[in-house]
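One structure is given below, encoded as structure tokens.
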There are 2 protein chains.
Amino acid sequence: MARAGVTTERLVRAGAELADEAGFAQVTVSELARRFDVKVASLYSHVKNSHDLRTRIALLALDELADRAAAALAGRAGREALVAFADVYRDYAREHPGRYAAAQLRLDPETAAASAGVRHAQLMRAILRAYDLTGPDQTHAVRLLGSFFRGFVALEADGGFDHSSPAPAESWARLLDVLDSLLRDWPRP
Amino acid sequence: MARAGVTTERLVRAGAELADEAGFAQVTVSELARRFDVKVASLYSHVKNSHDLRTRIALLALDELADRAAAALAGRAGREALVAFADVYRDYAREHPGRYAAAQLRLDPETAAASAGVRHAQLMRAILRAYDLTGPDQTHAVRLLGSFFRGFVALEADGGFDHSSPAPAESWARLLDVLDSLLRDWPRP
DNA sequence: CCTCCTTGCCTAAAGCCTTTAGGAAGTTCT
DNA sequence: AGAACTTCCTAAAGGCTTTAGGCAAGGAGG
């Protein structure tokens, strides 16, 4: 019997593509087996179980995102950096909805600590260095940005902005300006 | 055979409780049948299918949320209203994580239009009446608040704030103040 | 070249969830 | 009481997950 040449690597990559096509929830060991034209049980030599597969896809996505974010931040600071970083997120979510959903998967602490999630946090902090924020307000600001990015992208993906008029892109651009202003002129407690 | 007294109403309510206990993803027709001590197929007289069940739970959650929000807003305006409204969201998500997750379920357009989601949008607009925002900036502001609430609550639930120091509650309070400032002193384009 | 062993893939089987079809026993209304 | 409806049941098919045990392809070493 000719070997199909399945590897964990290829499996995860195919899983990511499947996620983008059909949604992260549809990523199933069975469907991947079908795509590799292999029996389901065979995949269990390459992946521990369904959860393991999903986790690996999540890690791939986090990695890709961090890479893009780091590239976008190179040579930029202040408003430019903020916008570039934010766009990386939004664009990635739009280009790769399944992978983006995967990146939201809750990881167990050890896995999370070893993931590219850590890089994300560092990059966000780096953006804020251009602004004059001290002490806890720096953390608050990180959380504001993180919350806004995540929430906006989620709402846009859910069609939450579909039935009101300015296109999401317009709000996105305007709000990034507003947030830049806010960071430059951060209100005192 | 003694009747178990299952009704769509009781099913949805039990589903909501199950969601809060075990997570929205664990809400399954089978598990509910177990809880009502009834055969699985029996439930299909009360609910069209699994998706129908989840949708009903989502609608219940949206309704409860809108009720709470409306109550919180009564007699308040400006910063007070903003904080009260925001707390309703965050508290609901913490008290009823499963229901809150259900409320995020993507509904088809007709269902969404008939849901309490519409009330949410109106309440949010009502809050902004206290601030001096005109034209598209009003929509932008609604989107900023919505994104922030949703993102913050999601990140907190995912434990995204677990390994940095100020407690989420502290950032939440501070950031609501910051946003209130921002709305009062909204930057010109 | 040819064993030997690792590894990829397979069959079998059990467990759990969903959904449909068709039937029997309570409930309700006339 | 009898008809009509509703609730619940058994049966059965189909899908996904996961484990156990086996055969054969391909590379390593003699």
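Chain labels run A, B, ... following the order of the structure tokens; each chain numbers its residues from 1, and ligands are numbered from 1 in the order shown.
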
Interface residues on chain C facing chain B, 10 Å, only C-alpha atoms (C1' of nucleotides), written as a PyMOL selection string: chain C and resi 16-20+25-26

Take the residues from that selection and put them in a file with C-alpha atoms (C1' of nucleotides), as a PDB file, in the first residue's frame.
```
ATOM      1  C1'  DC C  16     -21.006   9.119  22.330  1.00  0.00           C
ATOM      2  C1'  DC C  17     -23.959  12.546  19.827  1.00  0.00           C
ATOM      3  C1'  DT C  18     -27.683  13.726  16.288  1.00  0.00           C
ATOM      4  C1'  DT C  19     -31.695  13.013  13.856  1.00  0.00           C
ATOM      5  C1'  DT C  20     -35.682  10.601  11.667  1.00  0.00           C
ATOM      6  C1'  DA C  25     -49.697   5.524  26.272  1.00  0.00           C
ATOM      7  C1'  DG C  26     -51.335   9.688  28.694  1.00  0.00           C
TER       8       DG C  26
END
```

Contact residues (chain B, partner chain A, 7 Å, only C-alpha atoms) as number ranges by chain: B: 106, 140, 144, 147-148, 150-152, 155, 158, 171, 175, 178, 182, 187

Print the selection's residues with N, CA and C atoms to a file, as a short mmCIF file (atom, residue, chain, number, x, y, z; two decimals), in the first residue's frame.
```
data_model
loop_
_atom_site.label_atom_id
_atom_site.label_comp_id
_atom_site.auth_asym_id
_atom_site.auth_seq_id
_atom_site.Cartn_x
_atom_site.Cartn_y
_atom_site.Cartn_z
N ARG B 106 -23.69 33.42 16.54
CA ARG B 106 -24.10 34.19 15.38
C ARG B 106 -25.50 33.76 14.96
N HIS B 140 -18.92 55.66 15.49
CA HIS B 140 -17.57 55.22 15.84
C HIS B 140 -17.47 54.98 17.34
N LEU B 144 -16.52 51.69 19.37
CA LEU B 144 -15.38 51.65 20.30
C LEU B 144 -15.81 51.00 21.61
N SER B 147 -16.68 47.27 21.14
CA SER B 147 -15.47 46.47 20.95
C SER B 147 -14.71 46.31 22.25
N PHE B 148 -14.59 47.40 22.96
CA PHE B 148 -13.84 47.33 24.22
C PHE B 148 -14.52 46.39 25.22
N ARG B 150 -16.62 43.96 24.73
CA ARG B 150 -16.55 42.56 24.28
C ARG B 150 -15.15 41.98 24.39
N GLY B 151 -14.18 42.77 23.96
CA GLY B 151 -12.81 42.29 24.00
C GLY B 151 -12.30 42.10 25.41
N PHE B 152 -12.58 43.06 26.26
CA PHE B 152 -12.08 42.96 27.64
C PHE B 152 -12.65 41.74 28.34
N LEU B 155 -11.11 38.57 26.95
CA LEU B 155 -9.74 38.37 27.41
C LEU B 155 -9.70 37.97 28.88
N ASP B 158 -10.73 34.38 29.22
CA ASP B 158 -9.69 33.47 28.72
C ASP B 158 -8.46 33.45 29.61
N SER B 171 -8.11 47.57 36.12
CA SER B 171 -8.01 48.12 34.77
C SER B 171 -9.39 48.51 34.24
N LEU B 175 -10.11 52.12 33.06
CA LEU B 175 -10.34 52.32 31.63
C LEU B 175 -11.72 52.90 31.35
N VAL B 178 -11.19 56.45 31.76
CA VAL B 178 -10.45 56.96 30.62
C VAL B 178 -11.39 57.13 29.41
N LEU B 182 -12.47 60.41 27.34
CA LEU B 182 -12.33 60.44 25.90
C LEU B 182 -13.63 60.89 25.23
N PRO B 187 -11.54 63.73 20.31
CA PRO B 187 -10.64 64.46 19.41
C PRO B 187 -11.28 64.75 18.05
#
```

Residues of chain D within 8 Å of chain B, counting only C-alpha atoms (C1' of nucleotides), as a count of residues only: 3

Distance of CA of Arg184 (chain B) from CA of Ala81 (chain A), expressed in Å to one decimal place: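 Atom-to-atom, CA of Ala81 (chain A) to CA of Arg184 (chain B), that is 26.2 Å.
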
Distance criterion (only C-alpha atoms): nearest to Ile127 (chain B) out of B:Ala14, B:Ala69, B:Tyr89, B:Asp108: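 Using only C-alpha atoms, the shortest distance to Ile127 (chain B) belongs to B:Ala69.
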
Coordinates-based distance that separates CA of Arg90 (chain A) from CA of Leu60 (chain A) (Å, one decimal):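 Taking CA of Leu60 (chain A) and CA of Arg90 (chain A), their separation equals 17.2 Å.
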
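Straight-line separation from C1' of DA12 (chain C) to CA of Leu32 (chain A): 20.8 Å.
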
Please return as a compact mmCIF listing (two decimals) with C-alpha atoms, in the first residue's frame: the residues of region 69-173 of chain B that backbone DSSP assigns to helix (DSSP H, G or I).
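So the final result, stored in result17.txt, reads:
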```txt
# COMPACT_ATOMS: atom_id res chain seq x y z
CA ALA B 69 -28.85 46.84 30.99
CA ALA B 70 -32.11 48.74 30.75
CA ALA B 71 -32.56 48.54 34.50
CA ALA B 72 -29.01 49.73 35.11
CA LEU B 73 -29.47 52.70 32.85
CA GLY B 78 -22.98 60.24 31.51
CA ARG B 79 -20.18 58.50 33.34
CA GLU B 80 -22.60 56.85 35.72
CA ALA B 81 -24.56 55.34 32.91
CA LEU B 82 -21.44 54.21 31.10
CA VAL B 83 -20.06 52.44 34.13
CA ALA B 84 -23.38 50.88 35.06
CA PHE B 85 -23.92 49.57 31.56
CA ALA B 86 -20.40 48.24 31.28
CA ASP B 87 -20.65 46.50 34.63
CA VAL B 88 -23.84 44.78 33.59
CA TYR B 89 -21.96 43.17 30.73
CA ARG B 90 -18.93 42.17 32.68
CA ASP B 91 -20.90 40.92 35.65
CA TYR B 92 -23.25 38.92 33.50
CA ALA B 93 -20.35 37.29 31.73
CA ARG B 94 -18.79 36.37 35.03
CA GLU B 95 -21.98 35.14 36.65
CA PRO B 97 -20.31 32.43 31.36
CA GLY B 98 -22.27 29.87 29.40
CA ARG B 99 -25.21 32.15 28.74
CA TYR B 100 -22.81 34.93 27.84
CA ALA B 101 -21.08 32.66 25.36
CA ALA B 102 -24.48 31.79 23.97
CA ALA B 103 -25.25 35.46 23.48
CA PRO B 109 -30.45 37.91 10.08
CA GLU B 110 -34.18 37.45 10.71
CA THR B 111 -33.62 35.92 14.14
CA ALA B 112 -31.14 38.62 15.01
CA ALA B 113 -33.51 41.35 13.94
CA ALA B 114 -36.20 39.94 16.20
CA GLY B 117 -29.80 42.57 20.23
CA VAL B 118 -31.68 45.50 18.84
CA ARG B 119 -32.41 46.80 22.33
CA HIS B 120 -28.71 46.62 23.14
CA ALA B 121 -27.87 48.88 20.27
CA GLN B 122 -30.50 51.39 21.37
CA LEU B 123 -29.27 51.41 24.94
CA MET B 124 -25.73 52.02 23.82
CA ARG B 125 -26.87 54.97 21.73
CA ALA B 126 -28.78 56.27 24.73
CA ILE B 127 -25.62 56.38 26.80
CA LEU B 128 -23.92 58.47 24.18
CA PRO B 136 -20.40 59.37 12.16
CA ASP B 137 -18.40 59.90 15.30
CA GLN B 138 -21.38 58.74 17.26
CA THR B 139 -21.32 55.43 15.44
CA HIS B 140 -17.57 55.22 15.84
CA ALA B 141 -17.97 55.75 19.57
CA VAL B 142 -20.62 53.05 19.82
CA ARG B 143 -18.27 50.70 18.07
CA LEU B 144 -15.38 51.65 20.30
CA LEU B 145 -17.36 50.91 23.42
CA GLY B 146 -18.85 47.73 22.06
CA SER B 147 -15.47 46.47 20.95
CA PHE B 148 -13.84 47.33 24.22
CA PHE B 149 -16.50 45.66 26.34
CA ARG B 150 -16.55 42.56 24.28
CA GLY B 151 -12.81 42.29 24.00
CA PHE B 152 -12.08 42.96 27.64
CA VAL B 153 -14.63 40.47 28.85
CA ALA B 154 -13.35 37.84 26.44
CA LEU B 155 -9.74 38.37 27.41
CA GLU B 156 -10.55 38.27 31.09
CA ALA B 157 -12.55 35.07 30.66
CA PRO B 168 -8.56 43.06 35.79
CA ALA B 169 -11.14 44.85 37.91
CA GLU B 170 -8.69 47.67 38.47
CA SER B 171 -8.01 48.12 34.77
CA TRP B 172 -11.69 47.90 34.06
CA ALA B 173 -12.53 50.75 36.45
```

DA1 (chain D) surroundings by only C-alpha atoms (C1' of nucleotides), 12 Å radius, close-in-sequence under 2 positions cut, as a list in words: DC29 and DT30 of chain C; DA3 of chain D

Using only C-alpha atoms: which of B:Val27, B:Ala130, B:Leu18, B:Ala116 has the shortest distance to Arg54 (chain B):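 For Arg54 (chain B), the nearest of the given residues is B:Val27.
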